[in-house]
$ cat coords38.txt   # compact mmCIF, C-alpha atoms
# COMPACT_ATOMS: atom_id res chain seq x y z
CA MET A 19 -58.65 31.85 -6.47
CA SER A 20 -56.21 33.77 -4.27
CA LEU A 21 -57.37 37.01 -2.70
CA LEU A 22 -54.08 38.69 -3.66
CA THR A 23 -51.51 37.57 -6.20
CA LEU A 24 -48.19 39.23 -6.94
CA ALA A 25 -46.25 37.33 -9.61
CA HIS A 26 -42.70 38.08 -10.78
CA GLY A 27 -42.88 41.69 -9.64
CA SER A 28 -40.05 44.14 -10.29
CA ALA A 29 -39.83 47.76 -9.17
CA PHE A 30 -37.44 50.70 -9.22
CA TYR A 31 -36.61 53.75 -7.14
CA GLY A 32 -35.61 56.07 -9.94
CA ALA A 33 -32.84 54.28 -11.86
CA THR A 34 -32.16 51.83 -9.03
CA GLN A 35 -33.89 48.47 -9.18
CA ALA A 36 -35.23 47.38 -5.78
CA LEU A 37 -37.38 44.38 -6.69
CA PHE A 38 -36.24 41.85 -9.27
CA ASP A 39 -38.59 38.88 -9.06
CA VAL A 40 -41.03 38.84 -6.15
CA SER A 41 -43.99 36.47 -6.06
CA LEU A 42 -46.52 35.84 -3.30
CA ASP A 43 -50.17 35.03 -2.88
CA ILE A 44 -52.59 34.89 0.01
CA GLU A 45 -56.02 33.37 0.55
CA GLN A 46 -58.91 34.84 2.54
CA GLY A 47 -58.46 34.12 6.26
CA GLU A 48 -54.77 33.25 5.89
CA VAL A 49 -51.79 34.83 7.64
CA LEU A 50 -48.68 35.18 5.49
CA ALA A 51 -45.28 36.14 6.93
CA LEU A 52 -43.13 38.24 4.59
CA MET A 53 -39.58 37.77 5.84
CA GLY A 54 -35.99 38.67 5.08
CA ARG A 55 -33.07 40.65 6.45
CA ASN A 56 -33.13 44.45 6.48
CA GLY A 57 -32.99 46.02 3.04
CA MET A 58 -34.10 42.92 1.13
CA GLY A 59 -37.28 44.43 -0.32
CA LYS A 60 -40.04 43.69 2.18
CA SER A 61 -41.33 47.25 2.58
CA THR A 62 -40.82 47.89 -1.13
CA THR A 63 -43.00 44.87 -1.85
CA VAL A 64 -45.68 46.29 0.45
CA LYS A 65 -45.50 49.67 -1.32
CA SER A 66 -45.87 47.93 -4.66
CA ILE A 67 -48.91 45.96 -3.50
CA CYS A 68 -50.53 49.14 -2.20
CA ARG A 69 -49.63 51.01 -5.41
CA MET A 70 -47.45 53.53 -3.58
CA LEU A 71 -44.63 52.41 -5.89
CA PRO A 72 -45.32 51.32 -9.47
CA LEU A 73 -44.43 47.85 -10.66
CA ALA A 74 -42.12 47.88 -13.66
CA SER A 75 -43.20 44.37 -14.59
CA GLY A 76 -45.16 41.46 -13.19
CA GLU A 77 -48.75 40.66 -12.31
CA LEU A 78 -50.73 42.15 -9.42
CA ARG A 79 -54.30 41.03 -8.81
CA PHE A 80 -56.74 41.53 -5.95
CA ASN A 81 -59.95 39.50 -5.94
CA GLY A 82 -59.16 38.55 -9.53
CA ARG A 83 -58.90 42.18 -10.64
CA ASP A 84 -55.77 43.61 -12.22
CA ILE A 85 -54.75 46.50 -9.95
CA ARG A 86 -51.36 47.35 -11.45
CA THR A 87 -52.56 50.69 -12.79
CA LEU A 88 -54.90 51.73 -9.97
CA ALA A 89 -54.15 54.67 -7.71
CA SER A 90 -53.27 53.76 -4.13
CA HIS A 91 -56.49 55.20 -2.67
CA LYS A 92 -58.54 53.06 -5.05
CA VAL A 93 -56.65 49.94 -3.96
CA ALA A 94 -57.46 50.87 -0.36
CA ARG A 95 -61.14 51.21 -1.25
CA LEU A 96 -61.10 47.76 -2.82
CA GLY A 97 -60.19 46.32 0.58
CA VAL A 98 -56.44 46.58 1.21
CA GLY A 99 -55.69 48.06 4.64
CA LEU A 100 -52.13 49.12 5.42
CA VAL A 101 -50.43 49.66 8.77
CA PRO A 102 -47.31 51.40 7.49
CA GLU A 103 -43.84 51.18 8.91
CA GLY A 104 -43.35 54.07 11.34
CA ARG A 105 -47.09 54.27 12.26
CA ARG A 106 -47.73 57.64 10.54
CA CYS A 107 -50.78 58.62 12.54
CA PHE A 108 -52.33 62.02 11.92
CA ARG A 109 -50.50 63.57 14.85
CA THR A 110 -52.51 66.79 15.17
CA LEU A 111 -55.84 64.95 15.11
CA SER A 112 -57.42 63.27 18.09
CA VAL A 113 -57.68 59.51 18.37
CA ARG A 114 -61.38 59.76 17.51
CA GLU A 115 -60.64 61.94 14.46
CA ASN A 116 -57.94 59.52 13.26
CA LEU A 117 -60.50 56.72 13.36
CA GLN A 118 -63.22 58.77 11.72
CA ALA A 119 -60.87 59.85 8.92
CA THR A 120 -60.62 56.33 7.50
CA ALA A 121 -64.02 54.90 8.47
CA ARG A 122 -65.92 52.96 5.83
CA PRO A 123 -69.10 50.89 6.22
CA GLY A 124 -68.65 47.41 7.64
CA ASP A 125 -68.21 45.40 10.82
CA TRP A 126 -65.33 47.48 12.15
CA SER A 127 -66.42 50.64 13.94
CA GLN A 128 -65.12 52.89 16.70
CA ASN A 129 -66.75 50.61 19.26
CA SER A 130 -65.24 47.41 17.87
CA VAL A 131 -61.70 48.79 17.49
CA THR A 132 -61.74 50.22 21.00
CA ASP A 133 -62.94 46.84 22.23
CA LEU A 134 -59.83 45.42 20.55
CA PHE A 135 -57.66 48.21 22.00
CA PRO A 136 -59.30 49.44 25.25
CA ARG A 137 -56.58 52.04 25.80
CA LEU A 138 -57.68 53.86 22.67
CA GLY A 139 -61.19 54.07 24.08
CA GLU A 140 -59.76 55.85 27.12
CA ARG A 141 -57.91 58.36 24.91
CA LEU A 142 -60.44 59.22 22.20
CA GLY A 143 -60.15 62.95 22.89
CA GLN A 144 -56.34 63.04 23.05
CA SER A 145 -54.18 64.03 20.09
CA ALA A 146 -52.25 61.23 18.44
CA ALA A 147 -49.05 63.12 19.20
CA SER A 148 -49.67 62.75 22.93
CA LEU A 149 -49.81 58.93 22.76
CA SER A 150 -46.95 56.61 23.58
CA GLY A 151 -45.27 54.75 20.73
CA GLY A 152 -47.20 51.60 21.56
CA GLU A 153 -50.51 53.46 21.66
CA GLN A 154 -49.74 55.09 18.32
CA GLN A 155 -49.16 51.63 16.85
CA MET A 156 -52.49 50.48 18.25
CA LEU A 157 -54.09 53.53 16.65
CA ALA A 158 -52.43 52.77 13.31
CA ILE A 159 -53.84 49.24 13.37
CA ALA A 160 -57.28 50.44 14.48
CA ARG A 161 -57.29 53.09 11.77
CA ALA A 162 -56.53 50.45 9.12
CA LEU A 163 -59.31 48.21 10.46
CA MET A 164 -61.75 51.14 10.23
CA THR A 165 -61.40 50.90 6.44
CA ASN A 166 -63.03 47.45 6.81
CA PRO A 167 -60.43 45.69 4.66
CA GLN A 168 -60.34 42.17 3.31
CA LEU A 169 -56.54 42.20 3.47
CA LEU A 170 -54.60 43.79 6.34
CA ILE A 171 -50.88 44.45 5.85
CA LEU A 172 -48.74 45.02 8.94
CA ASP A 173 -45.33 46.45 8.04
CA GLU A 174 -42.98 46.06 11.04
CA ALA A 175 -45.86 46.62 13.46
CA THR A 176 -43.83 45.64 16.54
CA GLU A 177 -40.59 47.41 15.62
CA GLY A 178 -39.14 49.51 18.44
CA LEU A 179 -41.87 48.73 20.95
CA ALA A 180 -41.46 47.62 24.56
CA PRO A 181 -41.72 43.84 25.06
CA LEU A 182 -45.09 44.01 26.83
CA VAL A 183 -46.58 46.14 24.06
CA ARG A 184 -45.12 43.82 21.43
CA GLN A 185 -46.88 40.90 23.07
CA GLU A 186 -50.13 42.87 23.12
CA ILE A 187 -49.84 43.52 19.38
CA TRP A 188 -49.13 39.85 18.68
CA ALA A 189 -52.15 38.87 20.79
CA VAL A 190 -54.31 41.19 18.69
CA VAL A 191 -53.03 39.63 15.45
CA ALA A 192 -53.85 36.17 16.83
CA ARG A 193 -57.31 37.37 17.80
CA LEU A 194 -57.90 38.80 14.33
CA LYS A 195 -56.90 35.47 12.79
CA GLN A 196 -59.15 33.46 15.08
CA ARG A 197 -62.23 35.67 15.02
CA THR A 198 -62.35 37.27 11.58
CA GLY A 199 -62.00 36.26 7.96
CA LEU A 200 -59.23 38.75 7.37
CA ALA A 201 -56.25 37.85 5.26
CA ILE A 202 -53.15 39.28 6.94
CA ILE A 203 -49.64 39.88 5.61
CA VAL A 204 -47.15 40.42 8.44
CA VAL A 205 -43.71 41.89 7.83
CA ASP A 206 -41.65 41.21 10.93
CA LYS A 207 -38.39 39.70 12.21
CA SER A 208 -39.86 37.90 15.24
CA LEU A 209 -39.55 34.31 14.11
CA LYS A 210 -40.94 32.85 17.32
CA GLU A 211 -44.12 34.92 17.25
CA LEU A 212 -44.58 34.47 13.50
CA SER A 213 -44.27 30.70 13.93
CA ASN A 214 -47.25 30.78 16.29
CA ILE A 215 -49.47 32.85 13.99
CA ALA A 216 -48.50 32.59 10.32
CA ASP A 217 -49.77 29.82 8.04
CA ARG A 218 -47.18 30.36 5.32
CA ALA A 219 -44.06 32.42 4.72
CA VAL A 220 -42.30 34.07 1.80
CA VAL A 221 -38.62 34.92 2.22
CA LEU A 222 -36.94 37.69 0.23
CA GLU A 223 -33.27 38.06 -0.58
CA ARG A 224 -32.05 41.10 -2.51
CA GLY A 225 -35.44 41.86 -3.98
CA THR A 226 -36.20 38.29 -5.03
CA SER A 227 -38.44 35.60 -3.58
CA VAL A 228 -36.04 32.81 -2.60
CA TRP A 229 -38.30 30.57 -0.51
CA ALA A 230 -42.04 30.06 0.00
CA GLY A 231 -43.91 27.43 1.93
CA ALA A 232 -45.73 26.44 5.09
CA MET A 233 -44.42 28.15 8.20
CA ASN A 234 -43.74 24.76 9.75
CA ASP A 235 -41.41 23.93 6.85
CA LEU A 236 -39.15 26.93 7.50
CA ASP A 237 -36.15 24.93 8.72
CA GLU A 238 -32.86 25.93 10.35
CA GLN A 239 -30.99 25.87 7.06
CA ILE A 240 -33.33 28.42 5.43
CA VAL A 241 -33.40 30.53 8.59
CA GLY A 242 -29.60 30.56 8.85
CA ARG A 243 -29.06 31.30 5.18
CA TYR A 244 -31.63 34.03 4.61
CA LEU A 245 -32.77 35.41 7.96
CA GLY A 246 -29.55 35.51 9.93
CA VAL A 247 -31.04 34.29 13.23
$ encode --input "coords38.txt" --output "structure tokens"
Amino acid sequence: MSLLTLAHGSAFYGATQALFDVSLDIEQGEVLALMGRNGMGKSTTVKSICRMLPLASGELRFNGRDIRTLASHKVARLGVGLVPEGRRCFRTLSVRENLQATARPGDWSQNSVTDLFPRLGERLGQSAASLSGGEQQMLAIARALMTNPQLLILDEATEGLAPLVRQEIWAVVARLKQRTGLAIIVVDKSLKELSNIADRAVVLERGTSVWAGAMNDLDEQIVGRYLGV
């Protein structure tokens, strides 16, 4: 049984339909790349999974449980951790307070996330607003891990970061894959890095799943047609 299943999902922003037919699934311990050009429904799919945007139709299950009608905070408590696009740290709170705000019992603690991101350990007393963009992204990931999720969703986690910081984030994702049983959905445009980490990919085009398969099977024709790189 898949950890998460989204089947034939559709969703609207008001009267405007954003998702038409999106399907994906992920197993425990697997890394899934959710790909597509800008505006094709990737972040909307993430919002629908996390119940920040209601599904108009389709199936949404987590650990076999129907979660279509659950509130977003209840989905988070079930084990879905989100690193949202744009980081969205609690800017007026310190790094320590950001971590404490989402902490739930489990293997991930302040000590383990600062081991993953040593720079955060050096800045525990600083406000999130005083951090660099890269450090804020590290904090957003650490904060999501503090919920001790079964599924971690990274929505454009390397967007707008300096190359060295991007590589640090990718190294962390690889470490999470190798050393934990986390399932991870990664929304990103970095085909090279995704090829090194992701097991499978789902490609979206205009709010519809148009390709799904092993990352190694994502050939030049699919890339050229749907990803524009």
$ atom_distance --input "coords38.txt" --atom1 "atom CA of Leu200 of chain A" --atom2 "atom CA of Pro167 of chain A"
7.5 Å
$ residues_around --input "coords38.txt" --residues "Pro102 of chain A" --least-positions-apart "5" --cutoff "12 Å" --atoms "only C-alpha atoms" --output "JSON, numbers by chain"
{"A": [60, 61, 62, 64, 65, 68, 70, 107, 154, 155, 156, 157, 158, 159, 161, 162, 170, 171, 172, 173, 174, 175, 176, 177, 203, 204, 205]}
$ atom_distance --input "coords38.txt" --atom1 "atom CA of Asp39 of chain A" --atom2 "atom CA of Val191 of chain A"
28.5 Å
$ closest_residue --input "coords38.txt" --among "A:Leu236, A:Leu37, A:Val113, A:Ala160" --to "Ala146 of chain A" --atoms "only C-alpha atoms"
A:Val113
$ axis_aligned_box --input "coords38.txt" --around "segment 163-182 of chain A" --padding-each-side "6 Å" --output "JSON"
{"center_x": -51.1, "center_y": 46.7, "center_z": 15.1, "size_x": 35.9, "size_y": 21.0, "size_z": 35.5}
